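What follows is one structure encoded as structure tokens, with my remarks underneath.
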Amino acid sequence: MSLSEHTLAQHLDDPAVLCCRRPAGTVISAEDVEDPSIFADLEEAELLSLSSSGLSIREALGRSLLAETDALVPLTPELLGPAPSGVGAPSAQASAGVGADQEHPDNGEITVSRRRRRITHTLVRREYPVTQVQIGQDTSYRDGTLTIDVASIEEAAQSQDLVHSVTLDVIEASNRHVYTNTIMDVMPIAAKAEGIVGTGVTNALTGVVVILTGVDENGVQIHEFGSCEGYLDEKVAFGRPGAPDADELIIRVNVVLAAGVGMERRGPLAAHEACDVILAGIREELATVDAQPERELVFTDSHDPEAPRVVLVKEIMGQGAMHDNVIMPTEPAGVHGGRKNVDLGNVPIVLSANEVRDGGIHALTCIGPATKETTRHYWREPLVAALADDPELNLVGVVFIGSPQVNDEKQYVSERLGALVETMDLDGAIVTTEGFGNNHIDFAGNIAALGSRDIPVVGVTFAAYQGALVVGNEYMDAMVELNKDPDGFENEQLSCSSICPEDARRALALLKAKMAGVPIASAPRRWSPDVVAANQERVDALAGAASIPATEGVRA
């Protein structure tokens, strides 16, 4: 964590270490340096190695980074440019924690000219590679091999009254032409080593992913609008954020439920809870793994008081049949300890970007597979990454809001969203939804809740041909299409038409354009893939540009 303003003076002569990744040109201030009081813990955890040539905090303040630099890197002379003329490190007496970005009036008083981006939470993800998965007599992770205790599979089956049986097998990347029941979810495997979801340290396995498949004992697939049973290599859009990657090992957990409960809320929940029993044993081992991680990623929640304040609103399924989600489980991407949005009344719940990226949402929804946002999708949600990592924006939070079945309840939760955003002093927002049809009523209401309060808002959804919007309002003038099926249908291919990085780039460009007052051309009366392709080409061509030219419109 960065130094607070009132503790800077106590540490001016301690080593200067970056608290978080910083871009080139950053002028080092108190908010950029790590608190020296935790150096011993960081060194013990092998997260920090101090340099004999490192500068003190006093020497580093006011100097600019010459290149983008990672978190927990000691600041040395070769990393920093000279201090700006007339600006030096503050004395212990004069320092008020404002760093070097100050004005010095003739009366000798120090006043702050601007506050820099403030880091509120830091999340470290340690990644451990898996090259082999086997079933054995205990659960362990050693030298890239994940072993799963065979007894945990039967334990999973016995844990739920509605579960008839549970089987587990491993699907190699070279042999994907295998038949599978419909895929209910795709999950990463991760465990908290320190802290709670959204903060501290998370240990995660890479090169492997879990898929949950389901059917009832009469052979009825566990699905709602469309299912993806069939040959795996034909039914998955590999490489999408919510899907397995092409080269990953797949642990398939197949659950057979009691007859007739697949379309009830309790049925899919029982399948997920059974799967979570197996994963709990893996997490227990992973939390204390004695191995060197292959890679460490550092994620930060931060706030810049001078950047435009934006929010991401993610509408999730909450109709109360098989549609539900678990919010903030105890373990990343888990089930246990979380609260289901249906039980919470589908009202808006705010999570930080780090909470989302650390597995704060577990997807129970069995909606059409092409537009379904799986648990893994939230783990690497492109819009969260795009907004949280954009240096021009201040992502205030990620709001999850359920989509109820009854119209009166839809109106109620949209009104609660409006009341919430009024407290946030927003400059812009993006609203997304998975699926289509009934939940587009909520989608339109949520957009109106923001737009009616003079907040520039962009909508992101699947519509195309099959899901064409049947409701609308004056605030739905900036829309991003997620369809990737040539004919505009829910094609029953897992994750095909979910949010991808290219969609996030279009949404971000459209939001910035709308916030800047750039004219947005009206969409054609009918869906056209040519419009999407043209927008994508233009946005990609403008990548890295400071702004979109005000003389040109962006077609919705």
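Going by the structure tokens order, chains are called A, B, ..., each with residues numbered from 1, while ligands are numbered from 1 in the order shown.
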Strand (DSSP E or B) call set, DSSP backbone run, region 164-385 of chain A, as number ranges by chain
A: 164-171, 179-180, 183-187, 190-194, 200-206, 208-216, 221, 224, 226, 230-231, 236, 249-257, 295-303, 309-317, 325-327, 339-340, 349-351, 361-363
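Residue neighbourhood of Arg118 (chain A), excluding near-sequence residues (fewer than 4 positions): Glu31, Ser302, His303 and Asp304 of chain A, at 8 Å, using only C-alpha atoms.
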Run DSSP on the backbone and grab whatever in region 203-289 of chain A lands in helix (DSSP H, G or I); send it over as a ChimeraX atom specification.
/A:232-235,266-286
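Residue nearest Ser498 (chain A), chosen from A:Asp13, A:Glu373, A:Glu481, A:Asp389 and counting only C-alpha atoms: A:Glu373.
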Spatial neighbours of Val384 (chain A), 8 Å, only C-alpha atoms, chain gap at least 3 places, as a PDB file with N, CA and C atoms, in the first residue's frame:
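Written out: result-v5.pdb:
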```pdb
ATOM      1  N   LEU A 312     -19.286   0.762 -14.176  1.00  0.00           N
ATOM      2  CA  LEU A 312     -19.734  -0.333 -15.028  1.00  0.00           C
ATOM      3  C   LEU A 312     -20.913  -1.001 -14.341  1.00  0.00           C
ATOM      4  N   ALA A 353     -13.291  -3.291  -8.728  1.00  0.00           N
ATOM      5  CA  ALA A 353     -12.725  -4.003  -9.871  1.00  0.00           C
ATOM      6  C   ALA A 353     -11.937  -5.220  -9.406  1.00  0.00           C
ATOM      7  N   VAL A 356     -14.118  -8.190  -8.493  1.00  0.00           N
ATOM      8  CA  VAL A 356     -14.594  -8.915  -9.675  1.00  0.00           C
ATOM      9  C   VAL A 356     -13.468  -9.776 -10.242  1.00  0.00           C
ATOM     10  N   ARG A 357     -12.269  -9.189 -10.371  1.00  0.00           N
ATOM     11  CA  ARG A 357     -11.143  -9.912 -10.958  1.00  0.00           C
ATOM     12  C   ARG A 357     -10.629 -11.031 -10.064  1.00  0.00           C
ATOM     13  N   ARG A 380     -11.975 -12.741 -15.828  1.00  0.00           N
ATOM     14  CA  ARG A 380     -11.186 -11.968 -16.792  1.00  0.00           C
ATOM     15  C   ARG A 380     -12.086 -11.129 -17.706  1.00  0.00           C
ATOM     16  N   GLU A 381     -13.047 -10.460 -17.072  1.00  0.00           N
ATOM     17  CA  GLU A 381     -14.015  -9.595 -17.760  1.00  0.00           C
ATOM     18  C   GLU A 381     -13.293  -8.454 -18.500  1.00  0.00           C
ATOM     19  N   LEU A 387     -11.709  -0.528 -18.261  1.00  0.00           N
ATOM     20  CA  LEU A 387     -12.035   0.661 -17.473  1.00  0.00           C
ATOM     21  C   LEU A 387     -11.070   0.858 -16.312  1.00  0.00           C
ATOM     22  N   ALA A 388     -10.718  -0.218 -15.632  1.00  0.00           N
ATOM     23  CA  ALA A 388      -9.854  -0.099 -14.452  1.00  0.00           C
ATOM     24  C   ALA A 388      -8.438   0.314 -14.833  1.00  0.00           C
ATOM     25  N   VAL A 398     -18.028  -1.470  -9.831  1.00  0.00           N
ATOM     26  CA  VAL A 398     -18.789  -2.320 -10.743  1.00  0.00           C
ATOM     27  C   VAL A 398     -20.091  -2.678 -10.038  1.00  0.00           C
TER      28      VAL A 398
END
```
Just the residues within 10 Å of Ser52 (chain A), please, counting only C-alpha atoms, with nothing from its chain fewer than 2 positions along; format it as a PyMOL selection string.
chain A and resi 15+49-50+54-55+74+76
Near region 174-180 of chain A, counting only C-alpha atoms, which residues have an atom at most 6 Å away, once you skip same-chain residues fewer than 5 positions from it, shown as a list in words?
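Result of the neighbour search: Glu229, Gly230, Tyr231, Leu232 and Asp233 of chain A.
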Near region 24-29 of chain A, within 6 Å and counting only C-alpha atoms, which residues show up once chain neighbours fewer than 6 positions away are dropped, as a PyMOL selection string?
chain A and resi 61-68+99
Those same residues, written as a compact mmCIF listing (two decimals), in the first residue's frame with C-alpha atoms?
```txt
# COMPACT_ATOMS: atom_id res chain seq x y z
CA LEU A 61 10.34 12.45 -4.52
CA GLY A 62 9.71 14.83 -7.39
CA ARG A 63 11.63 12.82 -9.99
CA SER A 64 9.93 11.24 -13.01
CA LEU A 65 9.95 7.61 -14.11
CA LEU A 66 11.77 7.17 -17.42
CA ALA A 67 9.81 4.03 -18.34
CA GLU A 68 6.80 2.08 -17.13
CA GLY A 99 4.92 14.89 -2.54
```
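With only C-alpha atoms as the atoms that count, the minimum distance from Met328 (chain A) to the choices A:Val186, A:Leu297, A:Ala258, A:Ala363 is reached by A:Ala363.
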Min atom-atom distance to Thr199 (chain A) from the set A:Glu172, A:Thr69, A:Pro241, A:His121, counting only C-alpha atoms, belongs to A:His121
From A:Asn181, A:Leu18, A:Leu393, A:Ala307, residue lying nearest Leu80 (chain A) [only C-alpha atoms]:
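Counting only C-alpha atoms, the residue closest to Leu80 (chain A) is A:Leu18.
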Using only C-alpha atoms, determine which residues lie at most 9 Å from His11 (chain A), disregarding the query and same-chain residues fewer than 6 positions distant; provide the list as an mmCIF file with C-alpha atoms, in the first residue's frame.
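Output contents, as saved in result.cif:
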```
data_model
loop_
_atom_site.group_PDB
_atom_site.id
_atom_site.type_symbol
_atom_site.label_atom_id
_atom_site.label_comp_id
_atom_site.auth_asym_id
_atom_site.auth_seq_id
_atom_site.Cartn_x
_atom_site.Cartn_y
_atom_site.Cartn_z
ATOM 1 C CA LEU A 3 2.305 5.904 2.141
ATOM 2 C CA ASP A 35 5.213 1.714 3.093
ATOM 3 C CA PRO A 36 8.656 0.693 4.453
ATOM 4 C CA SER A 37 7.054 -0.752 7.584
ATOM 5 C CA SER A 56 15.784 6.969 -0.447
ATOM 6 C CA ILE A 57 12.261 8.318 -0.532
ATOM 7 C CA ARG A 58 13.698 11.808 0.046
#
```
Distance CA of Val277 (chain A)-CA of Gln158 (chain A), one decimal place?
10.1 Å
Which residue gives the smallest distance to Ala271 (chain A) among A:Val163, A:Ala448, A:Met317, A:Ile361, with only C-alpha atoms counted?
A:Val163
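Nearest to Val310 (chain A) of all the residues A:Gly226, A:Gly144, A:Gly397, A:Pro293 is A:Gly397, based on only C-alpha atoms.
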